[in-house]
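For reference, run.txt (compact mmCIF, C-alpha atoms):
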# COMPACT_ATOMS: atom_id res chain seq x y z
CA MET A 299 22.20 5.03 2.81
CA LYS A 300 18.42 5.60 2.70
CA ASN A 301 15.76 2.95 3.20
CA ILE A 302 12.46 2.39 1.37
CA PHE A 303 9.73 0.58 3.29
CA PHE A 304 6.82 -1.10 1.49
CA ILE A 305 3.75 -2.00 3.55
CA ARG A 306 0.28 -3.26 2.88
CA HIS A 307 -2.58 -1.01 3.97
CA GLY A 308 -4.27 -1.48 7.34
CA LYS A 309 -7.30 -3.63 8.16
CA LEU A 310 -10.53 -2.70 6.39
CA ASP A 311 -13.51 -1.40 8.34
CA LEU A 312 -15.49 -4.55 7.65
CA PRO A 313 -16.72 -7.25 10.06
CA TYR A 314 -13.91 -9.67 9.19
CA LYS A 315 -10.55 -10.27 10.86
CA ASP A 316 -8.74 -10.17 7.52
CA HIS A 317 -9.13 -10.98 3.82
CA SER A 318 -8.98 -14.72 4.54
CA GLN A 319 -12.40 -14.55 6.24
CA MET A 320 -14.14 -12.47 3.59
CA PRO A 321 -16.70 -14.13 1.28
CA ALA A 322 -15.79 -14.55 -2.37
CA ASN A 323 -18.36 -11.98 -3.57
CA LEU A 324 -16.75 -9.30 -1.37
CA LEU A 325 -13.25 -10.19 -2.59
CA ASN A 326 -14.59 -10.06 -6.13
CA ASP A 327 -15.84 -6.50 -5.55
CA LEU A 328 -12.46 -5.48 -4.13
CA GLY A 329 -10.68 -7.00 -7.12
CA LYS A 330 -12.97 -5.28 -9.63
CA LYS A 331 -12.61 -1.94 -7.77
CA THR A 332 -16.37 -1.61 -7.22
CA LEU A 333 -15.79 -1.54 -3.46
CA ASP A 334 -13.36 0.83 -1.74
CA PRO A 335 -13.93 0.55 2.05
CA ASN A 336 -12.59 2.74 4.81
CA LEU A 337 -9.86 1.75 7.24
CA ASP A 338 -10.39 0.25 10.70
CA PHE A 339 -8.79 3.08 12.67
CA ASP A 340 -8.82 1.21 15.99
CA TYR A 341 -6.72 -1.56 14.43
CA ILE A 342 -4.12 0.73 12.88
CA SER A 343 -3.88 2.85 16.03
CA LYS A 344 -3.15 -0.19 18.19
CA ASP A 345 -0.67 -1.71 15.71
CA LEU A 346 1.16 1.58 15.19
CA SER A 347 1.59 2.18 18.91
CA GLU A 348 2.50 -1.36 19.90
CA ASP A 349 4.26 -2.88 16.90
CA LEU A 350 4.91 -0.98 13.67
CA SER A 351 6.62 1.97 15.37
CA LYS A 352 9.12 -0.51 16.83
CA ILE A 353 9.69 -2.33 13.52
CA ILE A 354 10.12 0.79 11.40
CA GLN A 355 11.93 3.84 12.75
CA LEU A 356 9.02 6.09 11.85
CA GLU A 357 10.83 9.16 13.13
CA LYS A 358 13.21 8.78 10.18
CA ILE A 359 10.48 8.64 7.50
CA GLU A 360 10.60 11.72 5.26
CA LYS A 361 8.13 10.91 2.45
CA ILE A 362 5.08 8.68 2.01
CA TYR A 363 3.73 7.39 -1.32
CA VAL A 364 0.25 5.81 -1.35
CA SER A 365 -2.08 3.98 -3.71
CA PRO A 366 -5.11 6.02 -4.82
CA PHE A 367 -7.49 3.67 -3.00
CA ARG A 368 -9.09 4.93 0.21
CA ARG A 369 -7.63 2.26 2.47
CA CYS A 370 -4.08 3.17 1.43
CA GLN A 371 -4.59 6.93 1.56
CA GLU A 372 -6.11 6.64 5.03
CA THR A 373 -3.22 4.41 6.16
CA GLY A 374 -0.70 6.96 4.89
CA ARG A 375 -2.49 9.90 6.51
CA PHE A 376 -2.85 8.09 9.83
CA ILE A 377 0.87 7.22 9.90
CA ALA A 378 1.79 10.81 8.94
CA GLU A 379 -0.38 12.13 11.79
CA PHE A 380 1.24 9.64 14.18
CA ILE A 381 4.70 10.84 13.15
CA GLN A 382 3.74 14.49 13.52
CA LYS A 383 2.17 13.91 16.94
CA ASN A 384 4.99 11.76 18.34
CA TYR A 385 8.07 13.19 16.58
CA ASN A 386 6.92 16.69 15.58
CA GLN A 387 7.68 16.05 11.91
CA LYS A 388 5.38 16.96 9.04
CA ILE A 389 5.46 14.32 6.29
CA GLU A 390 4.58 14.90 2.65
CA ILE A 391 2.17 12.33 1.17
CA GLU A 392 1.93 11.71 -2.57
CA VAL A 393 -0.82 9.67 -4.21
CA CYS A 394 0.57 7.52 -7.05
CA GLU A 395 -1.69 5.91 -9.61
CA GLU A 396 1.07 3.35 -10.29
CA LEU A 397 0.50 1.87 -6.80
CA ARG A 398 -3.14 0.90 -7.35
CA GLU A 399 -4.10 -2.72 -6.73
CA ILE A 400 -4.11 -5.17 -9.63
CA TYR A 401 -7.49 -5.59 -11.30
CA PHE A 402 -8.94 -9.10 -11.27
CA GLU A 403 -12.33 -10.75 -11.67
CA LEU A 404 -12.48 -13.39 -8.98
CA GLU A 405 -15.88 -14.74 -9.98
CA ASN A 406 -14.51 -15.66 -13.42
CA ILE A 407 -11.15 -16.86 -12.12
CA LEU A 408 -12.82 -19.29 -9.73
CA ALA A 409 -15.62 -20.32 -12.12
CA ASN A 410 -14.00 -23.69 -12.86
CA LYS A 411 -11.81 -24.02 -9.80
CA LYS A 412 -12.11 -25.01 -6.20
CA SER A 413 -10.00 -22.73 -4.00
CA ALA A 414 -8.58 -24.12 -0.75
CA GLY A 415 -8.71 -21.12 1.57
CA ILE A 416 -6.90 -17.83 1.13
CA PHE A 417 -3.66 -19.40 -0.15
CA GLY A 418 -5.50 -21.36 -2.84
CA LEU A 419 -7.44 -18.25 -3.80
CA ASN A 420 -4.29 -16.14 -3.94
CA SER A 421 -2.57 -18.74 -6.12
CA ALA A 422 -5.56 -18.82 -8.47
CA VAL A 423 -5.46 -15.02 -8.84
CA LEU A 424 -1.69 -14.97 -9.41
CA GLU A 425 -1.99 -17.70 -12.03
CA ALA A 426 -4.74 -15.73 -13.78
CA ILE A 427 -2.55 -12.62 -13.81
CA TYR A 428 0.37 -14.64 -15.14
CA ASN A 429 -1.77 -16.17 -17.89
CA GLY A 430 -3.49 -12.87 -18.71
CA GLU A 431 -6.96 -14.21 -17.97
CA ASN A 432 -9.65 -12.15 -16.21
CA ALA A 433 -7.02 -9.85 -14.74
CA GLU A 434 -4.68 -6.97 -15.53
CA SER A 435 -1.81 -8.14 -17.71
CA MET A 436 1.71 -8.54 -16.35
CA VAL A 437 2.96 -6.26 -19.11
CA LYS A 438 0.79 -3.39 -17.78
CA ILE A 439 1.77 -4.15 -14.18
CA CYS A 440 5.47 -4.08 -15.02
CA GLU A 441 5.07 -0.86 -17.01
CA ARG A 442 3.56 1.03 -14.10
CA LEU A 443 6.00 -0.38 -11.58
CA ASN A 444 8.95 0.57 -13.78
CA SER A 445 7.50 4.07 -13.97
CA PHE A 446 7.18 4.24 -10.18
CA PHE A 447 10.65 2.82 -9.57
CA ASP A 448 12.09 5.53 -11.79
CA PHE A 449 11.14 7.87 -8.91
CA LEU A 450 12.89 5.66 -6.39
CA PHE A 451 16.27 5.23 -8.08
CA ASN A 452 18.89 6.90 -5.90
CA CYS A 453 16.11 8.08 -3.60
CA ASP A 454 17.56 10.61 -1.16
CA THR A 455 14.85 10.27 1.50
CA ASN A 456 13.75 7.53 3.88
CA THR A 457 10.48 6.59 2.25
CA LEU A 458 7.32 4.64 3.12
CA VAL A 459 5.18 3.14 0.35
CA VAL A 460 1.61 2.01 1.15
CA SER A 461 0.09 -0.38 -1.37
CA HIS A 462 -1.73 -3.72 -1.77
CA ASP A 463 -0.72 -7.35 -1.37
CA PHE A 464 -0.96 -8.53 -4.99
CA LEU A 465 0.92 -5.51 -6.29
CA MET A 466 3.53 -5.98 -3.56
CA ARG A 467 4.25 -9.46 -4.97
CA PHE A 468 5.42 -7.74 -8.17
CA ILE A 469 7.22 -5.01 -6.21
CA GLU A 470 9.17 -7.77 -4.43
CA LEU A 471 10.25 -9.22 -7.79
CA THR A 472 11.11 -5.75 -9.10
CA ILE A 473 13.45 -5.13 -6.16
CA LEU A 474 15.07 -8.53 -6.66
CA ASN A 475 15.57 -7.50 -10.28
CA LYS A 476 17.32 -4.26 -9.19
CA GLY A 477 14.37 -1.96 -9.80
CA LYS A 478 13.52 -2.74 -13.42
CA ILE A 479 11.37 -5.63 -14.58
CA GLN A 480 9.65 -7.04 -17.66
CA ALA A 481 6.90 -9.64 -17.83
CA SER A 482 9.36 -12.01 -19.52
CA ASP A 483 11.59 -11.83 -16.41
CA ILE A 484 8.91 -13.47 -14.23
CA SER A 485 8.22 -17.20 -13.99
CA LEU A 486 5.00 -18.56 -12.54
CA ILE A 487 6.95 -20.36 -9.79
CA GLU A 488 8.70 -17.14 -8.79
CA LEU A 489 5.39 -15.31 -8.67
CA LEU A 490 3.68 -18.01 -6.59
CA ASN A 491 6.62 -18.03 -4.18
CA THR A 492 6.40 -14.33 -3.39
CA LYS A 493 5.54 -13.33 0.16
CA ARG A 494 1.94 -12.87 1.27
CA ASN A 495 1.86 -9.58 3.15
CA ILE A 496 -0.48 -9.15 6.10
CA TYR A 497 -1.89 -5.76 7.12
CA LEU A 498 0.75 -3.09 7.87
CA ARG A 499 3.64 -5.44 7.10
CA GLY A 500 5.91 -5.94 4.14
CA PHE A 501 9.59 -5.49 3.38
CA PHE A 502 12.27 -2.87 2.94
CA THR A 503 15.27 -2.22 0.74
CA ASP A 504 17.97 0.39 0.41
CA ASN A 505 18.00 3.09 -2.25
CA ASP A 506 20.08 1.06 -4.71
CA PHE A 507 17.97 -2.13 -4.29
CA SER A 508 20.93 -4.23 -3.19
CA ASP A 509 18.87 -6.33 -0.76
CA ILE A 510 15.33 -6.99 0.49
CA GLN A 511 14.31 -7.80 4.06
CA ASN A 512 10.86 -8.87 5.25
CA PHE A 513 9.13 -7.72 8.42

structure tokens encoding of this file:
Amino acid sequence: MKNIFFIRHGKLDLPYKDHSQMPANLLNDLGKKTLDPNLDFDYISKDLSEDLSKIIQLEKIEKIYVSPFRRCQETGRFIAEFIQKNYNQKIEIEVCEELREIYFELENILANKKSAGIFGLNSAVLEAIYNGENAESMVKICERLNSFFDFLFNCDTNTLVVSHDFLMRFIELTILNKGKIQASDISLIELLNTKRNIYLRGFFTDNDFSDIQNF
């Protein structure tokens, strides 16, 4: 049985502890894809050495898929270099357009709302996606995830996937739906109840999507 690990990219090289401390205009630029910052390499180096390498058996990883955004590609490359240095294994990395973050326009989403911190903001974005307002449609999101999961069916390698939090909410629902999902399969409550993934954390499943476990 092979395992597939899904993680969010590492911390951004910005003067904020995490997304919850970033101003709305910066989050808006991230959502609209007009900002694509580098990774904080000190953060990922410390987490890899002290935590992630103990959570995931990195020596067993055989393939890495990453979002096309810089923060995910750099996360994937850094982990591949860590594996090669510590376990003498060269890992293939593949950039997948299907793993890009969901497009959203935060300034318009919040125009008539008051958001209560990061959880209120996240809920507002998820509701906008669900309603097809100022964000990429769920139909398009499901189409690209179904395309990506076609690669993963009966995957014969232990795989690491590096993506983004909002997309990972839909990946979680896709796994729970056995690797194939349509917009009509998703309720707003289910979407709002998906896990918020912090940097370098997420969940894993086996290669027939029989279960999902968070870490």

Quick one: pull the distance between CA of Phe502 (chain A) and CA of Ile354 (chain A), Å, one decimal. 9.5 Å

Within 8 Å of Ile400 (chain A) using all atoms listed in the file, minus same-chain residues under 3 positions, as a PDB file with C-alpha atoms, keeping the file's coordinate frame:
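around37.pdb was written with the following content:
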ATOM      1  CA  GLY A 329     -10.680  -7.000  -7.120  1.00  0.00           C
ATOM      2  CA  ALA A 433      -7.020  -9.850 -14.740  1.00  0.00           C
ATOM      3  CA  GLU A 434      -4.680  -6.970 -15.530  1.00  0.00           C
ATOM      4  CA  ILE A 439       1.770  -4.150 -14.180  1.00  0.00           C
ATOM      5  CA  PHE A 464      -0.960  -8.530  -4.990  1.00  0.00           C
ATOM      6  CA  LEU A 465       0.920  -5.510  -6.290  1.00  0.00           C
TER       7      LEU A 465
END

Ranking A:Ala422, A:Val459, A:Ile473, A:Val437 by minimum distance to Cys394 (chain A) and counting all atoms listed in the file, which one comes first?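 Under the stated criterion, the closest residue is A:Val459.
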
Expressed in Å to a single decimal, how great is the separation between CA of Phe468 (chain A) and CA of Ala481 (chain A)?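 Answer for the CA of Phe468 (chain A) to CA of Ala481 (chain A) separation: 10.0 Å.
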
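Our summary of the geometry notes that CA of Cys440 (chain A) is positioned 27.3 Å from CA of Asp316 (chain A).
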
Choose the residue, out of A:Leu486, A:Lys476, A:Glu360, A:Phe447, that has the smallest atom-to-atom separation from Ala426 (chain A); count only C-alpha atoms. A:Leu486

Taking all atoms of region 469-488 of chain A that the file lists, what box with edges along x, y and z, padded by 6 Å per side, do you get, with centre and edge lengths in Å to one decimal, as JSON?
{"center_x": 11.2, "center_y": -11.2, "center_z": -12.0, "size_x": 24.3, "size_y": 30.4, "size_z": 27.1}

What's around Asn512 (chain A) at 9 Å? Count all atoms listed in the file, leave out sequence neighbours fewer than 2 positions away in its own chain, and write the answer as JSON, numbers by chain. {"A": [493, 499, 500, 501, 502, 510]}

Just the selected residues (C-alpha atoms), exported as a PDB file, in the frame of the given file, please.
ATOM      1  CA  LYS A 493       5.540 -13.330   0.160  1.00  0.00           C
ATOM      2  CA  ARG A 499       3.640  -5.440   7.100  1.00  0.00           C
ATOM      3  CA  GLY A 500       5.910  -5.940   4.140  1.00  0.00           C
ATOM      4  CA  PHE A 501       9.590  -5.490   3.380  1.00  0.00           C
ATOM      5  CA  PHE A 502      12.270  -2.870   2.940  1.00  0.00           C
ATOM      6  CA  ILE A 510      15.330  -6.990   0.490  1.00  0.00           C
TER       7      ILE A 510
END

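With all atoms listed in the file as the atoms that count, the residue of A:Asn384, A:Asn495, A:Asn406, A:Pro335 with the shortest distance to Pro313 (chain A) is A:Pro335.
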
So, with all atoms listed in the file as the atoms that count, which of A:Asn336, A:Asn456, A:Thr503, A:Ser365 lies closest to Glu395 (chain A)?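 Of A:Asn336, A:Asn456, A:Thr503, A:Ser365, the one nearest Glu395 (chain A), counting all atoms listed in the file, is A:Ser365.
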
Pick out the residues sitting within 10 Å of Phe507 (chain A), and hand them over as a PDB file with C-alpha atoms, in the frame of the given file; count all atoms listed in the file, and ignore anything fewer than 2 positions along from it in its own chain.
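Saved file out.pdb follows:
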ATOM      1  CA  ASN A 301      15.760   2.950   3.200  1.00  0.00           C
ATOM      2  CA  ILE A 302      12.460   2.390   1.370  1.00  0.00           C
ATOM      3  CA  LEU A 450      12.890   5.660  -6.390  1.00  0.00           C
ATOM      4  CA  PHE A 451      16.270   5.230  -8.080  1.00  0.00           C
ATOM      5  CA  ASN A 452      18.890   6.900  -5.900  1.00  0.00           C
ATOM      6  CA  THR A 472      11.110  -5.750  -9.100  1.00  0.00           C
ATOM      7  CA  ILE A 473      13.450  -5.130  -6.160  1.00  0.00           C
ATOM      8  CA  LEU A 474      15.070  -8.530  -6.660  1.00  0.00           C
ATOM      9  CA  ASN A 475      15.570  -7.500 -10.280  1.00  0.00           C
ATOM     10  CA  LYS A 476      17.320  -4.260  -9.190  1.00  0.00           C
ATOM     11  CA  GLY A 477      14.370  -1.960  -9.800  1.00  0.00           C
ATOM     12  CA  PHE A 502      12.270  -2.870   2.940  1.00  0.00           C
ATOM     13  CA  THR A 503      15.270  -2.220   0.740  1.00  0.00           C
ATOM     14  CA  ASP A 504      17.970   0.390   0.410  1.00  0.00           C
ATOM     15  CA  ASN A 505      18.000   3.090  -2.250  1.00  0.00           C
ATOM     16  CA  ASP A 509      18.870  -6.330  -0.760  1.00  0.00           C
ATOM     17  CA  ILE A 510      15.330  -6.990   0.490  1.00  0.00           C
TER      18      ILE A 510
END

Pick from A:Leu498, A:Ile427, A:Ile484, A:Leu350: nearest to Leu471 (chain A), with all atoms listed in the file counted?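 Checking each candidate against Leu471 (chain A), we get A:Ile484 as the closest.
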
Near-Leu324 (chain A) list (10 Å; only C-alpha atoms; drop same-chain fewer than 6 positions) as a list in words: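 Answer for this query is His317, Lys330, Thr332, Leu333 and Leu404 of chain A.
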
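Checking A:Gln319, A:Ser343, A:Gln387, A:Ser461 one by one against His307 (chain A), counting all atoms listed in the file, you find the shortest gap at A:Ser461.
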
Select, counting all atoms listed in the file, all protein, DNA and RNA residues no farther than 10 Å from (-6.8, -0.9, 13.5) in file coordinates, and express the selection as an NGL selection string. :A and (308-311 or 337-346 or 373 or 497-498)

List every protein, DNA or RNA residue that has an atom no more than 12 Å from (6.4, 13.0, 9.7) in the file's coordinate frame, counting only C-alpha atoms, and report them as number ranges by chain. A: 355-362, 374-391, 456-458

Could you please fill out region 361-383 of chain A with N, CA, C and O atoms and send it back as a PDB file, in the frame of the given file?
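Okay, this is what ended up in selection-v5.pdb:
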ATOM      1  N   LYS A 361       9.099  10.811   3.546  1.00  0.00           N
ATOM      2  CA  LYS A 361       8.130  10.910   2.450  1.00  0.00           C
ATOM      3  C   LYS A 361       7.277   9.656   2.442  1.00  0.00           C
ATOM      4  O   LYS A 361       7.762   8.555   2.738  1.00  0.00           O
ATOM      5  N   ILE A 362       5.988   9.820   2.109  1.00  0.00           N
ATOM      6  CA  ILE A 362       5.080   8.680   2.010  1.00  0.00           C
ATOM      7  C   ILE A 362       4.397   8.701   0.647  1.00  0.00           C
ATOM      8  O   ILE A 362       3.841   9.727   0.232  1.00  0.00           O
ATOM      9  N   TYR A 363       4.466   7.576  -0.070  1.00  0.00           N
ATOM     10  CA  TYR A 363       3.730   7.390  -1.320  1.00  0.00           C
ATOM     11  C   TYR A 363       2.596   6.407  -1.051  1.00  0.00           C
ATOM     12  O   TYR A 363       2.788   5.388  -0.363  1.00  0.00           O
ATOM     13  N   VAL A 364       1.403   6.687  -1.597  1.00  0.00           N
ATOM     14  CA  VAL A 364       0.250   5.810  -1.350  1.00  0.00           C
ATOM     15  C   VAL A 364      -0.493   5.507  -2.636  1.00  0.00           C
ATOM     16  O   VAL A 364      -0.499   6.306  -3.588  1.00  0.00           O
ATOM     17  N   SER A 365      -1.139   4.342  -2.646  1.00  0.00           N
ATOM     18  CA  SER A 365      -2.080   3.980  -3.710  1.00  0.00           C
ATOM     19  C   SER A 365      -3.265   4.932  -3.670  1.00  0.00           C
ATOM     20  O   SER A 365      -3.607   5.488  -2.619  1.00  0.00           O
ATOM     21  N   PRO A 366      -3.946   5.125  -4.801  1.00  0.00           N
ATOM     22  CA  PRO A 366      -5.110   6.020  -4.820  1.00  0.00           C
ATOM     23  C   PRO A 366      -6.330   5.482  -4.087  1.00  0.00           C
ATOM     24  O   PRO A 366      -7.280   6.231  -3.854  1.00  0.00           O
ATOM     25  N   PHE A 367      -6.324   4.213  -3.676  1.00  0.00           N
ATOM     26  CA  PHE A 367      -7.490   3.670  -3.000  1.00  0.00           C
ATOM     27  C   PHE A 367      -7.582   4.152  -1.554  1.00  0.00           C
ATOM     28  O   PHE A 367      -6.570   4.392  -0.888  1.00  0.00           O
ATOM     29  N   ARG A 368      -8.828   4.314  -1.091  1.00  0.00           N
ATOM     30  CA  ARG A 368      -9.090   4.930   0.210  1.00  0.00           C
ATOM     31  C   ARG A 368      -8.321   4.273   1.335  1.00  0.00           C
ATOM     32  O   ARG A 368      -7.749   4.951   2.196  1.00  0.00           O
ATOM     33  N   ARG A 369      -8.270   2.945   1.347  1.00  0.00           N
ATOM     34  CA  ARG A 369      -7.630   2.260   2.470  1.00  0.00           C
ATOM     35  C   ARG A 369      -6.133   2.568   2.565  1.00  0.00           C
ATOM     36  O   ARG A 369      -5.571   2.565   3.657  1.00  0.00           O
ATOM     37  N   CYS A 370      -5.506   2.824   1.417  1.00  0.00           N
ATOM     38  CA  CYS A 370      -4.080   3.170   1.430  1.00  0.00           C
ATOM     39  C   CYS A 370      -3.873   4.640   1.770  1.00  0.00           C
ATOM     40  O   CYS A 370      -2.957   4.985   2.522  1.00  0.00           O
ATOM     41  N   GLN A 371      -4.712   5.517   1.231  1.00  0.00           N
ATOM     42  CA  GLN A 371      -4.590   6.930   1.560  1.00  0.00           C
ATOM     43  C   GLN A 371      -4.835   7.166   3.050  1.00  0.00           C
ATOM     44  O   GLN A 371      -4.115   7.950   3.685  1.00  0.00           O
ATOM     45  N   GLU A 372      -5.824   6.483   3.608  1.00  0.00           N
ATOM     46  CA  GLU A 372      -6.110   6.640   5.030  1.00  0.00           C
ATOM     47  C   GLU A 372      -4.973   6.078   5.882  1.00  0.00           C
ATOM     48  O   GLU A 372      -4.628   6.646   6.926  1.00  0.00           O
ATOM     49  N   THR A 373      -4.382   4.965   5.445  1.00  0.00           N
ATOM     50  CA  THR A 373      -3.220   4.410   6.160  1.00  0.00           C
ATOM     51  C   THR A 373      -2.080   5.413   6.165  1.00  0.00           C
ATOM     52  O   THR A 373      -1.461   5.679   7.207  1.00  0.00           O
ATOM     53  N   GLY A 374      -1.782   5.984   4.991  1.00  0.00           N
ATOM     54  CA  GLY A 374      -0.700   6.960   4.890  1.00  0.00           C
ATOM     55  C   GLY A 374      -0.942   8.187   5.749  1.00  0.00           C
ATOM     56  O   GLY A 374      -0.037   8.658   6.448  1.00  0.00           O
ATOM     57  N   ARG A 375      -2.173   8.714   5.712  1.00  0.00           N
ATOM     58  CA  ARG A 375      -2.490   9.900   6.510  1.00  0.00           C
ATOM     59  C   ARG A 375      -2.390   9.613   8.001  1.00  0.00           C
ATOM     60  O   ARG A 375      -1.879  10.435   8.773  1.00  0.00           O
ATOM     61  N   PHE A 376      -2.874   8.442   8.406  1.00  0.00           N
ATOM     62  CA  PHE A 376      -2.850   8.090   9.830  1.00  0.00           C
ATOM     63  C   PHE A 376      -1.399   7.981  10.314  1.00  0.00           C
ATOM     64  O   PHE A 376      -1.056   8.465  11.401  1.00  0.00           O
ATOM     65  N   ILE A 377      -0.542   7.350   9.520  1.00  0.00           N
ATOM     66  CA  ILE A 377       0.870   7.220   9.900  1.00  0.00           C
ATOM     67  C   ILE A 377       1.535   8.598   9.930  1.00  0.00           C
ATOM     68  O   ILE A 377       2.317   8.894  10.852  1.00  0.00           O
ATOM     69  N   ALA A 378       1.223   9.464   8.952  1.00  0.00           N
ATOM     70  CA  ALA A 378       1.790  10.810   8.940  1.00  0.00           C
ATOM     71  C   ALA A 378       1.371  11.590  10.180  1.00  0.00           C
ATOM     72  O   ALA A 378       2.185  12.319  10.784  1.00  0.00           O
ATOM     73  N   GLU A 379       0.103  11.454  10.581  1.00  0.00           N
ATOM     74  CA  GLU A 379      -0.380  12.130  11.790  1.00  0.00           C
ATOM     75  C   GLU A 379       0.303  11.578  13.040  1.00  0.00           C
ATOM     76  O   GLU A 379       0.624  12.337  13.965  1.00  0.00           O
ATOM     77  N   PHE A 380       0.534  10.263  13.049  1.00  0.00           N
ATOM     78  CA  PHE A 380       1.240   9.640  14.180  1.00  0.00           C
ATOM     79  C   PHE A 380       2.665  10.199  14.287  1.00  0.00           C
ATOM     80  O   PHE A 380       3.137  10.524  15.389  1.00  0.00           O
ATOM     81  N   ILE A 381       3.338  10.321  13.154  1.00  0.00           N
ATOM     82  CA  ILE A 381       4.700  10.840  13.150  1.00  0.00           C
ATOM     83  C   ILE A 381       4.732  12.305  13.611  1.00  0.00           C
ATOM     84  O   ILE A 381       5.587  12.706  14.406  1.00  0.00           O
ATOM     85  N   GLN A 382       3.769  13.080  13.128  1.00  0.00           N
ATOM     86  CA  GLN A 382       3.740  14.490  13.520  1.00  0.00           C
ATOM     87  C   GLN A 382       3.456  14.638  15.019  1.00  0.00           C
ATOM     88  O   GLN A 382       4.086  15.452  15.710  1.00  0.00           O
ATOM     89  N   LYS A 383       2.531  13.831  15.522  1.00  0.00           N
ATOM     90  CA  LYS A 383       2.170  13.910  16.940  1.00  0.00           C
ATOM     91  C   LYS A 383       3.299  13.449  17.842  1.00  0.00           C
ATOM     92  O   LYS A 383       3.572  14.068  18.883  1.00  0.00           O
TER      93      LYS A 383
END
